[in-house]
Amino acid sequence: MSNSNTSVTRKGFLAGTAGVIAGFPTVVHASVLGRGGYTAPSNRVTVGMIGTGKMANDFHLPTLIDFRDVQILAVCDVDTTRRLAAQNRVLTNYEKQGRSGAHVDVYNDFRDVIGRKDIDAVCIATPEHWHAIPVIEAAKAGKDIYCEKPLTLTLLEAKRCIEAVRKHKRVMQTGSQQRSNVFGPFREACEFVRSGRIGDVKSVTVGVGGPSKKCDLAGEPMEPGLDWDLWLGPTPDRPYSSVLSPRGSHNHFPAWRNYREFSGGGHADIGAHMYDIMQWALGTDASGPVEVIPPDDVSEGQGARFIMPNGVEITHGGASGVVFTGTRGMLRVDRGVLFSNPKELLQDPLADNEVHLFKSPGHHRNWLDCIKSRERCLCDVEIGARSNQYTQLGNLAYWHGRKLKWDPIKWEFPGDKEANTWLDYERRPKWKLPKA
C-alpha cells in the first residue's frame, strides 16, 4: 500500500515505534533550508502531512512550506491524485525557495509516516472519523501533533486522545485557529467578557448549523487510485460515493460532514470553532456542562441547552457566532463581527489591570514554538476535546431525544447505562480504538 522508496513498513510501525521519543527536532544538514536566512538544524522540525485535501491545500501546506525552520518530508493520502499533487506542490515551492536536496516521500497509509524515525511531527487534516486513531498512534510513536477540528467524532475518542498526548508527553495543537484571531476579533471578545465588561455572564447562545444524519448515499463506480477501504477505516462498510471522497484533486469542502458515520455535521464543523470561543471567554477549558436538554422538537436540530456547573445556560441556536448576555449588557462576536449593547461597553480599550489573553503569533507558529519549548499550545489537546464535547453531547440529545446528565471530569454519563453505550460506535474489527 505504500507508494514510496522509503523502506518503513506498517509491521515495523506496529512492532517498534511505541518507544520512539522525538522530544527535539531532528538534526539534518543545513543545505535543505535554502534562501531566506540560516536556521540552525537544532531548531528545525521535520513534518509529515496526513491528509492532503482542501484544508491541507488551502491552509496547512502553504503555511508550513514557508517556514524555514520546517521541512516537510512526507505527504500521505488515500487518493493517489491528491497525494501526488501535494508532493509536487511542496517540491515546486522548495525549488523556488532554493532548498537544495529537498525530498518528499508519498504514502497511502498514515502508519508509514508515523513509523519514520526522522519525522518529528505530523499534521493531520483528514475527515473527522480519521482523527483519533492517527492522533493516538502518533503520540505513542513520539510525534508531536497538529490535528484539525473537530478533534474527534466521539466522546470516548476525545478522552483517549487526551490520555495518549499526556502519557507520552507530546505537544499538540488543535486546529481551532479562531484562538489565533484568524477570521475575526475573537481574542478581544474573550478579553472583554473575562474582564467583566458585560457584568456576570448569565447565558450564551452559539449560532451554528445542526447535527449530521445517517448516510443514505447511493453507490457509484469506484474512483481509480483511491483506497476506499482505508478511507472508510473504522466506520461501517459501504459503497463508494464521490460525495464523501470527491474524485481526484478538488477545491471544495466535501459533504462527508453531513453524515454521522463520519462527522457531527454543521454543529460540529463551525461549532468546534464557536463553542471554543465560548469556553475561552468563560474560562472553562478544563471543564464542561453537567447537563444537556434537547428541545421539544429535535427534528429542527437547534435549541439544545447546556447547563454549566455554575448555572450558566448555553443554547445552541440564535444569531450566527457567539452571543454573551450578562448583568450589564450583551456582546456578540462572529467572523468579522464584534459589538455590544449598549455599545459603550466596548468603547474604552482594555486597561492594564483587565484580562489580557495570550496573543498568538499564528496557529502553526505557536505549535512550532511549543514543539521547541515543550510548553502546551494555545489550543492544546484537552482544549480541543472540551470544545467538541458540546457538539457531541448536543448531537446525542438530538439523535436520542432525551435529557442527559454529564460528568465532564470522568467523561461519562453518571448512572446512565444506555447513554454510556453512545460514547463510541461499533467499529470494524481491524480498526479498534487504541488505548494510550
# chains A, B, ... in the order shown; residues from 1 in each chain; ligands from 1
>>> closest_atom_pairs(of="segment 379-408 of chain A", to="segment 147-170 of chain A", cutoff="6 Å", atoms="only C-alpha atoms", output="tab-separated table")
residue	atom	partner	partner_atom	distance
A:Val381	CA	A:Ile162	CA	5.9
A:Glu382	CA	A:Ile162	CA	5.8
A:Gly384	CA	A:Leu151	CA	5.9
A:Ala385	CA	A:Ala158	CA	5.3
>>> write_last_selection(atoms="C-alpha atoms", output="tab-separated table (two decimals), in the first residue's frame")
chain	number	residue	atom	x	y	z
A	381	VAL	CA	-5.49	18.57	23.02
A	382	GLU	CA	-7.77	18.95	26.06
A	384	GLY	CA	-9.89	20.87	21.51
A	385	ALA	CA	-11.65	17.96	23.19
>>> closest_atom_pairs(of="segment 152-233 of chain A", to="segment 305-326 of chain A", cutoff="6 Å", atoms="only C-alpha atoms", output="CSV")
residue,atom,partner,partner_atom,distance
A:Ile198,CA,A:Gly326,CA,5.1
A:Gly199,CA,A:Gly326,CA,5.2
A:Asp200,CA,A:Gly326,CA,5.1
A:Val201,CA,A:Gly326,CA,4.1
A:Lys202,CA,A:Gly326,CA,5.2
A:Ser203,CA,A:Glu313,CA,4.9
A:Val204,CA,A:Phe324,CA,4.6
A:Thr205,CA,A:Thr315,CA,4.7
A:Val206,CA,A:Val322,CA,4.7
A:Gly207,CA,A:Ser320,CA,4.3
>>> atom_distance(atom1="atom CA of Phe183 of chain A", atom2="atom CA of Arg374 of chain A")
27.5 Å
>>> atom_distance(atom1="atom CA of Ser245 of chain A", atom2="atom CA of Pro434 of chain A")
25.1 Å
>>> select_by_dssp(residues="segment 129-199 of chain A", states="strand (DSSP E)", output="list in words")
Asp144, Ile145, Tyr146, Cys147, Met172, Gln173 and Thr174 of chain A
>>> atom_distance(atom1="atom CA of Val78 of chain A", atom2="atom CA of Asp227 of chain A")
5.3 Å
>>> residues_around(residues="Ala419 of chain A", least_positions_apart="3", cutoff="12 Å", atoms="only C-alpha atoms", output="list in words")
Leu155, Leu393, Leu396, Ala397, Trp399, His400, Gly401, Arg402, Lys403, Leu404, Lys405, Trp406, Trp411, Glu412, Phe413, Pro414, Gly415, Asp416, Trp422, Leu423, Asp424 and Tyr425 of chain A
>>> write_last_selection(atoms="C-alpha atoms", output="mmCIF file, in the first residue's frame")
data_model
loop_
_atom_site.group_PDB
_atom_site.id
_atom_site.type_symbol
_atom_site.label_atom_id
_atom_site.label_comp_id
_atom_site.auth_asym_id
_atom_site.auth_seq_id
_atom_site.Cartn_x
_atom_site.Cartn_y
_atom_site.Cartn_z
ATOM 1 C CA LEU A 155 -16.604 11.382 23.293
ATOM 2 C CA LEU A 393 -23.400 15.940 23.648
ATOM 3 C CA LEU A 396 -26.633 12.771 21.125
ATOM 4 C CA ALA A 397 -29.507 14.706 22.690
ATOM 5 C CA TRP A 399 -30.469 11.870 17.945
ATOM 6 C CA HIS A 400 -31.925 10.152 21.015
ATOM 7 C CA GLY A 401 -34.397 12.833 22.084
ATOM 8 C CA ARG A 402 -33.739 12.868 25.778
ATOM 9 C CA LYS A 403 -32.103 14.774 28.589
ATOM 10 C CA LEU A 404 -28.577 13.712 29.571
ATOM 11 C CA LYS A 405 -26.558 14.220 32.744
ATOM 12 C CA TRP A 406 -22.812 14.528 32.085
ATOM 13 C CA TRP A 411 -16.092 11.830 30.596
ATOM 14 C CA GLU A 412 -19.173 9.686 31.228
ATOM 15 C CA PHE A 413 -22.919 9.825 31.764
ATOM 16 C CA PRO A 414 -23.213 9.133 35.515
ATOM 17 C CA GLY A 415 -25.507 6.223 36.301
ATOM 18 C CA ASP A 416 -26.842 6.079 32.725
ATOM 19 C CA TRP A 422 -23.186 6.112 22.981
ATOM 20 C CA LEU A 423 -19.683 7.234 23.983
ATOM 21 C CA ASP A 424 -18.360 5.470 20.871
ATOM 22 C CA TYR A 425 -19.672 3.381 17.976
#
>>> closest_residue(among="A:Thr80, A:Lys96, A:Lys213, A:Val75", to="Leu226 of chain A", atoms="only C-alpha atoms")
A:Thr80
>>> decode(residues="segment 94-124 of chain A", atoms="N, CA and C atoms", output="mmCIF file, in the first residue's frame")
data_model
loop_
_atom_site.group_PDB
_atom_site.id
_atom_site.type_symbol
_atom_site.label_atom_id
_atom_site.label_comp_id
_atom_site.auth_asym_id
_atom_site.auth_seq_id
_atom_site.Cartn_x
_atom_site.Cartn_y
_atom_site.Cartn_z
ATOM 1 N N TYR A 94 9.698 24.378 -2.728
ATOM 2 C CA TYR A 94 11.049 24.286 -2.176
ATOM 3 C C TYR A 94 12.094 24.627 -3.233
ATOM 4 N N GLU A 95 11.837 24.223 -4.471
ATOM 5 C CA GLU A 95 12.764 24.561 -5.548
ATOM 6 C C GLU A 95 12.826 26.068 -5.759
ATOM 7 N N LYS A 96 11.670 26.720 -5.724
ATOM 8 C CA LYS A 96 11.635 28.179 -5.876
ATOM 9 C C LYS A 96 12.364 28.882 -4.739
ATOM 10 N N GLN A 97 12.323 28.277 -3.550
ATOM 11 C CA GLN A 97 12.993 28.850 -2.393
ATOM 12 C C GLN A 97 14.501 28.568 -2.397
ATOM 13 N N GLY A 98 14.918 27.689 -3.288
ATOM 14 C CA GLY A 98 16.326 27.334 -3.350
ATOM 15 C C GLY A 98 16.751 26.312 -2.325
ATOM 16 N N ARG A 99 15.837 25.504 -1.895
ATOM 17 C CA ARG A 99 16.189 24.480 -0.912
ATOM 18 C C ARG A 99 16.772 23.275 -1.642
ATOM 19 N N SER A 100 18.051 23.164 -1.641
ATOM 20 C CA SER A 100 18.716 22.063 -2.334
ATOM 21 C C SER A 100 18.569 20.776 -1.531
ATOM 22 N N GLY A 101 18.433 19.677 -2.236
ATOM 23 C CA GLY A 101 18.369 18.378 -1.584
ATOM 24 C C GLY A 101 17.028 18.029 -0.982
ATOM 25 N N ALA A 102 15.999 18.831 -1.251
ATOM 26 C CA ALA A 102 14.678 18.530 -0.692
ATOM 27 C C ALA A 102 14.126 17.245 -1.307
ATOM 28 N N HIS A 103 13.508 16.415 -0.464
ATOM 29 C CA HIS A 103 12.903 15.171 -0.931
ATOM 30 C C HIS A 103 11.626 14.945 -0.138
ATOM 31 N N VAL A 104 10.548 14.648 -0.837
ATOM 32 C CA VAL A 104 9.260 14.424 -0.189
ATOM 33 C C VAL A 104 8.718 13.067 -0.627
ATOM 34 N N ASP A 105 8.559 12.160 0.326
ATOM 35 C CA ASP A 105 8.002 10.849 0.028
ATOM 36 C C ASP A 105 6.480 10.894 0.085
ATOM 37 N N VAL A 106 5.848 9.997 -0.672
ATOM 38 C CA VAL A 106 4.390 9.918 -0.687
ATOM 39 C C VAL A 106 3.946 8.563 -0.141
ATOM 40 N N TYR A 107 2.828 8.597 0.600
ATOM 41 C CA TYR A 107 2.312 7.384 1.222
ATOM 42 C C TYR A 107 0.798 7.316 1.093
ATOM 43 N N ASN A 108 0.316 6.087 1.078
ATOM 44 C CA ASN A 108 -1.113 5.808 1.095
ATOM 45 C C ASN A 108 -1.630 5.642 2.516
ATOM 46 N N ASP A 109 -0.809 5.152 3.419
ATOM 47 C CA ASP A 109 -1.212 4.758 4.769
ATOM 48 C C ASP A 109 -0.477 5.606 5.800
ATOM 49 N N PHE A 110 -1.228 6.224 6.709
ATOM 50 C CA PHE A 110 -0.641 7.122 7.710
ATOM 51 C C PHE A 110 0.378 6.422 8.595
ATOM 52 N N ARG A 111 0.267 5.113 8.766
ATOM 53 C CA ARG A 111 1.189 4.400 9.647
ATOM 54 C C ARG A 111 2.606 4.395 9.093
ATOM 55 N N ASP A 112 2.742 4.523 7.779
ATOM 56 C CA ASP A 112 4.075 4.604 7.191
ATOM 57 C C ASP A 112 4.744 5.932 7.522
ATOM 58 N N VAL A 113 3.964 6.977 7.666
ATOM 59 C CA VAL A 113 4.505 8.286 8.061
ATOM 60 C C VAL A 113 4.889 8.256 9.536
ATOM 61 N N ILE A 114 3.977 7.786 10.367
ATOM 62 C CA ILE A 114 4.225 7.743 11.808
ATOM 63 C C ILE A 114 5.410 6.837 12.145
ATOM 64 N N GLY A 115 5.637 5.811 11.338
ATOM 65 C CA GLY A 115 6.720 4.875 11.601
ATOM 66 C C GLY A 115 8.109 5.398 11.290
ATOM 67 N N ARG A 116 8.201 6.556 10.657
ATOM 68 C CA ARG A 116 9.524 7.092 10.301
ATOM 69 C C ARG A 116 10.164 7.799 11.491
ATOM 70 N N LYS A 117 11.363 7.369 11.838
ATOM 71 C CA LYS A 117 12.059 7.957 12.973
ATOM 72 C C LYS A 117 12.606 9.353 12.673
ATOM 73 N N ASP A 118 12.714 9.704 11.385
ATOM 74 C CA ASP A 118 13.255 11.019 11.056
ATOM 75 C C ASP A 118 12.174 12.100 10.968
ATOM 76 N N ILE A 119 10.939 11.765 11.297
ATOM 77 C CA ILE A 119 9.861 12.743 11.305
ATOM 78 C C ILE A 119 9.511 13.095 12.748
ATOM 79 N N ASP A 120 9.569 14.392 13.058
ATOM 80 C CA ASP A 120 9.313 14.868 14.410
ATOM 81 C C ASP A 120 7.837 15.041 14.710
ATOM 82 N N ALA A 121 7.070 15.468 13.702
ATOM 83 C CA ALA A 121 5.700 15.888 13.959
ATOM 84 C C ALA A 121 4.826 15.579 12.758
ATOM 85 N N VAL A 122 3.529 15.448 13.009
ATOM 86 C CA VAL A 122 2.578 15.208 11.933
ATOM 87 C C VAL A 122 1.472 16.251 11.987
ATOM 88 N N CYS A 123 0.969 16.595 10.819
ATOM 89 C CA CYS A 123 -0.170 17.493 10.686
ATOM 90 C C CYS A 123 -1.309 16.691 10.068
ATOM 91 N N ILE A 124 -2.399 16.513 10.803
ATOM 92 C CA ILE A 124 -3.494 15.634 10.408
ATOM 93 C C ILE A 124 -4.671 16.472 9.918
#
